[in-house]
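A short write-up of the structure that comes next.
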Amino acid sequence: MNKYYIQHEGKVIEANDQFKHVMAITLNPKKDYKEGIVRCIISREGDVQVKGYTDRSELFKISSDSLEQFKIGERLNIKNKKEIIDQLVEPDWEFIGLEDPDIYIDEKNDLMHVYFTIPIKYKDKSKKIKIHLGHAVGKDLDSLEMTMPVLLDIGNMSAKEVSIVPINKNGFRYNLIESRDKQGEATYSVVQVAIVKDMDKDWEYGNIVFHPREHNIPWIGGHASPGPLFPKSFIDVGEGKLLGVINGREANQKMSDGSTKYGMFSIGLFIYDYEIGKIDWISPEPFIQDSEAITITFASQFVETSKGGGVLYAHVDDSFVRAYDLKVDEVKQFLKYNNYEIKN
């Protein structure tokens, strides 16, 4: 696989005396991306390569003097958290910690919105789990207050890993989420639209816009999750469209002992028409696989650093965070190599 990026040698955030595994970085643009949130794994039961493992997590604040290396600070304090979580947890179920945060700044109202996964697991070791898309709002990381989730798990659909898009010409957003679809014994992670009129509440499930089973793309044949979208100031792919990152995993493998082994998770690119809520194109090949990855390279944050340049952050094997330098000319070369020409 040709490389169209530069992988940083070091790790942006890695294991320390407190945590063996850290992942899912999100950064605050109001602070020049020098502060943010990271998901820290408190305990891990099982193997990340094998279906059925359980991570228990907490969200912690991070800070840095540069974009190269971040320090883990104090636990993220979200007011009203216990009261909201208590309303969501039924008897015989348990909350296993907030996961996978995303920061969005509402410039109009000068408010910070933070979205995160709220996983609630059945206690009896069955595979049953509910996954809600949680939300908190405040002026900054120190004044966040949790609301009810913007999207609740409704059995055949769940919500996590939000990608926030601009308001369309009709005055609302076709945001993207990772959801699920079960077909027979197989459960797929799919990319689905969330119809959003108010960033605080009452999101609605829309159409599934990418289903791994329905496309013959081996690197994303089992699971798909939307990632960061590149701003038009970095690369413009046409009116009403954005180029972004999509995280994809190969199809699961059934092992001789009855267990299910996950395939490789890689980073690819896709074109999204946010005016009508439609994915126009997905790269037939992955864009990034970390040199140390055994099973996962998963992107969570992009920061534009200069005209035509930026840094993409991803976590590797759900254990540490890496940075990759991107240049717009090399991204365009990747698109051309994968038979996509920018028309404008």
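Chain labels run A, B, ... following the order of the structure tokens; each chain numbers its residues from 1, and ligands are numbered from 1 in the order shown.
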
* May I have the residues within 7 Å of Phe287 of chain A as number ranges by chain, using only C-alpha atoms and disregarding those fewer than 3 positions away in the same chain? => A: 267-269

Export N, CA, C and O atoms of the chosen residues as a PDB file, in the first residue's frame?
ATOM      1  N   ILE A 267      -8.148   3.200   8.262  1.00  0.00           N
ATOM      2  CA  ILE A 267      -8.699   4.522   7.967  1.00  0.00           C
ATOM      3  C   ILE A 267      -8.806   4.691   6.455  1.00  0.00           C
ATOM      4  O   ILE A 267      -7.830   4.493   5.732  1.00  0.00           O
ATOM      5  N   GLY A 268      -9.993   5.034   5.977  1.00  0.00           N
ATOM      6  CA  GLY A 268     -10.191   5.344   4.565  1.00  0.00           C
ATOM      7  C   GLY A 268     -10.758   6.738   4.395  1.00  0.00           C
ATOM      8  O   GLY A 268     -10.912   7.492   5.367  1.00  0.00           O
ATOM      9  N   LEU A 269     -11.075   7.099   3.170  1.00  0.00           N
ATOM     10  CA  LEU A 269     -11.658   8.405   2.877  1.00  0.00           C
ATOM     11  C   LEU A 269     -13.019   8.234   2.205  1.00  0.00           C
ATOM     12  O   LEU A 269     -13.290   7.214   1.566  1.00  0.00           O
TER      13      LEU A 269
END

* Asked: How would you write, as an NGL selection string, the set of residues in segment 72-222 of chain A that DSSP gives as strand (DSSP E)?
  -> :A and (72-75 or 93-95 or 99-106 or 111-122 or 129-138 or 145-146 or 160-163 or 173-183 or 186-196 or 204-210)

* To do: Excluding Asp92 of chain A and residues on its chain fewer than 6 positions from it, collect all residues at most 8 Å away from it, counting only C-alpha atoms, and give them as a list in words.
  =>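 My list of contacting residues is Tyr122, Lys123 and Asp124 of chain A.
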
I need the chosen residues saved as a JSON list (two decimals), in the first residue's frame, with all heavy atoms.
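Below you can see part.json, which holds the result:
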[["chain", "number", "residue", "atom", "x", "y", "z"],
["A", 122, "TYR", "N", -25.83, -5.65, 29.85],
["A", 122, "TYR", "CA", -26.56, -6.60, 30.68],
["A", 122, "TYR", "C", -25.56, -7.33, 31.57],
["A", 122, "TYR", "O", -24.48, -7.72, 31.14],
["A", 122, "TYR", "CB", -27.32, -7.59, 29.79],
["A", 122, "TYR", "CG", -28.45, -8.30, 30.50],
["A", 122, "TYR", "CD1", -29.53, -7.58, 31.01],
["A", 122, "TYR", "CD2", -28.46, -9.68, 30.63],
["A", 122, "TYR", "CE1", -30.58, -8.22, 31.66],
["A", 122, "TYR", "CE2", -29.51, -10.33, 31.28],
["A", 122, "TYR", "CZ", -30.56, -9.58, 31.78],
["A", 122, "TYR", "OH", -31.60, -10.22, 32.43],
["A", 123, "LYS", "N", -25.91, -7.51, 32.83],
["A", 123, "LYS", "CA", -24.95, -8.02, 33.82],
["A", 123, "LYS", "C", -24.59, -9.50, 33.66],
["A", 123, "LYS", "O", -23.56, -9.93, 34.14],
["A", 123, "LYS", "CB", -25.50, -7.80, 35.24],
["A", 123, "LYS", "CG", -25.48, -6.35, 35.69],
["A", 123, "LYS", "CD", -26.03, -6.25, 37.11],
["A", 123, "LYS", "CE", -26.01, -4.82, 37.61],
["A", 123, "LYS", "NZ", -26.56, -4.71, 38.98],
["A", 124, "ASP", "N", -25.43, -10.25, 32.99],
["A", 124, "ASP", "CA", -25.27, -11.71, 33.07],
["A", 124, "ASP", "C", -24.30, -12.28, 32.03],
["A", 124, "ASP", "O", -24.49, -13.34, 31.56],
["A", 124, "ASP", "CB", -26.61, -12.41, 32.92],
["A", 124, "ASP", "CG", -27.07, -12.43, 31.45],
["A", 124, "ASP", "OD1", -26.51, -11.68, 30.65],
["A", 124, "ASP", "OD2", -27.96, -13.22, 31.12]]

* Rank A:Asp317, A:Glu239, A:Glu292, A:Asp181 by their smallest atom-to-atom distance to Ala24 of chain A, using only C-alpha atoms, and report the top residue only. =>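 Checking each candidate against Ala24 of chain A, we get A:Asp317 as the closest.
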
* To do: Using backbone DSSP assignments, extract all helix (DSSP H, G or I) residues from segment 110-306 of chain A; output them as a ChimeraX atom specification.
  => /A:212-214,218-220

Take the residues that were just selected and, keeping N, CA and C atoms, output them as an mmCIF file, in the first residue's frame.
data_model
loop_
_atom_site.group_PDB
_atom_site.id
_atom_site.type_symbol
_atom_site.label_atom_id
_atom_site.label_comp_id
_atom_site.auth_asym_id
_atom_site.auth_seq_id
_atom_site.Cartn_x
_atom_site.Cartn_y
_atom_site.Cartn_z
ATOM 1 N N PRO A 212 -21.742 -2.239 5.227
ATOM 2 C CA PRO A 212 -20.631 -3.046 4.716
ATOM 3 C C PRO A 212 -21.071 -4.258 3.893
ATOM 4 N N ARG A 213 -22.216 -4.849 4.252
ATOM 5 C CA ARG A 213 -22.658 -6.056 3.543
ATOM 6 C C ARG A 213 -23.069 -5.762 2.110
ATOM 7 N N GLU A 214 -23.445 -4.516 1.836
ATOM 8 C CA GLU A 214 -23.999 -4.178 0.527
ATOM 9 C C GLU A 214 -22.960 -3.660 -0.459
ATOM 10 N N PRO A 218 -13.449 -4.973 0.512
ATOM 11 C CA PRO A 218 -12.942 -5.887 1.551
ATOM 12 C C PRO A 218 -12.449 -5.213 2.816
ATOM 13 N N TRP A 219 -11.775 -4.067 2.710
ATOM 14 C CA TRP A 219 -11.190 -3.457 3.911
ATOM 15 C C TRP A 219 -12.266 -2.890 4.851
ATOM 16 N N ILE A 220 -13.478 -2.734 4.344
ATOM 17 C CA ILE A 220 -14.571 -2.205 5.161
ATOM 18 C C ILE A 220 -15.786 -3.139 5.049
#

* Skipping near chain neighbours, those fewer than 2 positions away, what residues fall within 9 Å of segment 128-145 of chain A using only C-alpha atoms, listed as a PyMOL selection string? -> chain A and resi 28+36-37+61+76-81+93+98+110-123+125-126+147-155+157-162+179+200-201

* **Among listed residues A:Phe334, A:Tyr313, A:Phe265, A:Tyr272, nearest Pro284 of chain A (using only C-alpha atoms)** =>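 Closest to Pro284 of chain A of all the choices is A:Phe334.
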
* Which polymer residues have any atom within 10 Å of an atom of Asp65 of chain A, counting only C-alpha atoms, with same-chain residues fewer than 4 positions away left out, as JSON, numbers by chain? -> {"A": [33, 34, 35, 69, 70, 71]}

Dump of C-alpha atoms for the selected residues, as a PDB file, in the first residue's frame:
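Dumped to part_32.pdb:
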ATOM      1  CA  TYR A  33      -6.468  22.532  19.978  1.00  0.00           C
ATOM      2  CA  LYS A  34      -4.131  22.619  23.006  1.00  0.00           C
ATOM      3  CA  GLU A  35      -6.712  21.048  25.311  1.00  0.00           C
ATOM      4  CA  GLN A  69       2.282  15.348  22.908  1.00  0.00           C
ATOM      5  CA  PHE A  70      -0.530  15.713  25.434  1.00  0.00           C
ATOM      6  CA  LYS A  71      -0.604  15.163  29.187  1.00  0.00           C
TER       7      LYS A  71
END

* Asked: Which polymer residues have any atom within 8 Å of an atom of Met23 of chain A, counting only C-alpha atoms, with same-chain residues fewer than 5 positions away left out, as a PyMOL selection string?
  -> chain A and resi 38-40+100+314-316+318-321

* To do: Write out as a PyMOL selection string which residues come within 10 Å of segment 298-304 of chain A when counting only C-alpha atoms, dropping same-chain ones fewer than 6 positions away.
  => chain A and resi 23-27+29+32-33+67+100-103+161-163+225-231+233-234+244-249+265-268+288-290+310-318+321-327

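Note that the spacing between atom CA of Phe210 of chain A and atom CA of Tyr53 of chain A amounts to 25.5 Å.
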
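Taking only C-alpha atoms into account, Val191 of chain A lies nearest to A:Gly277 out of the set A:Gly73, A:Gly277, A:Gly97, A:Pro286.
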
* Asked: Which residue gives the smallest distance to Thr297 of chain A among A:Ser189, A:Lys254, A:Gly263, A:Ser64, with only C-alpha atoms counted?
  -> A:Gly263
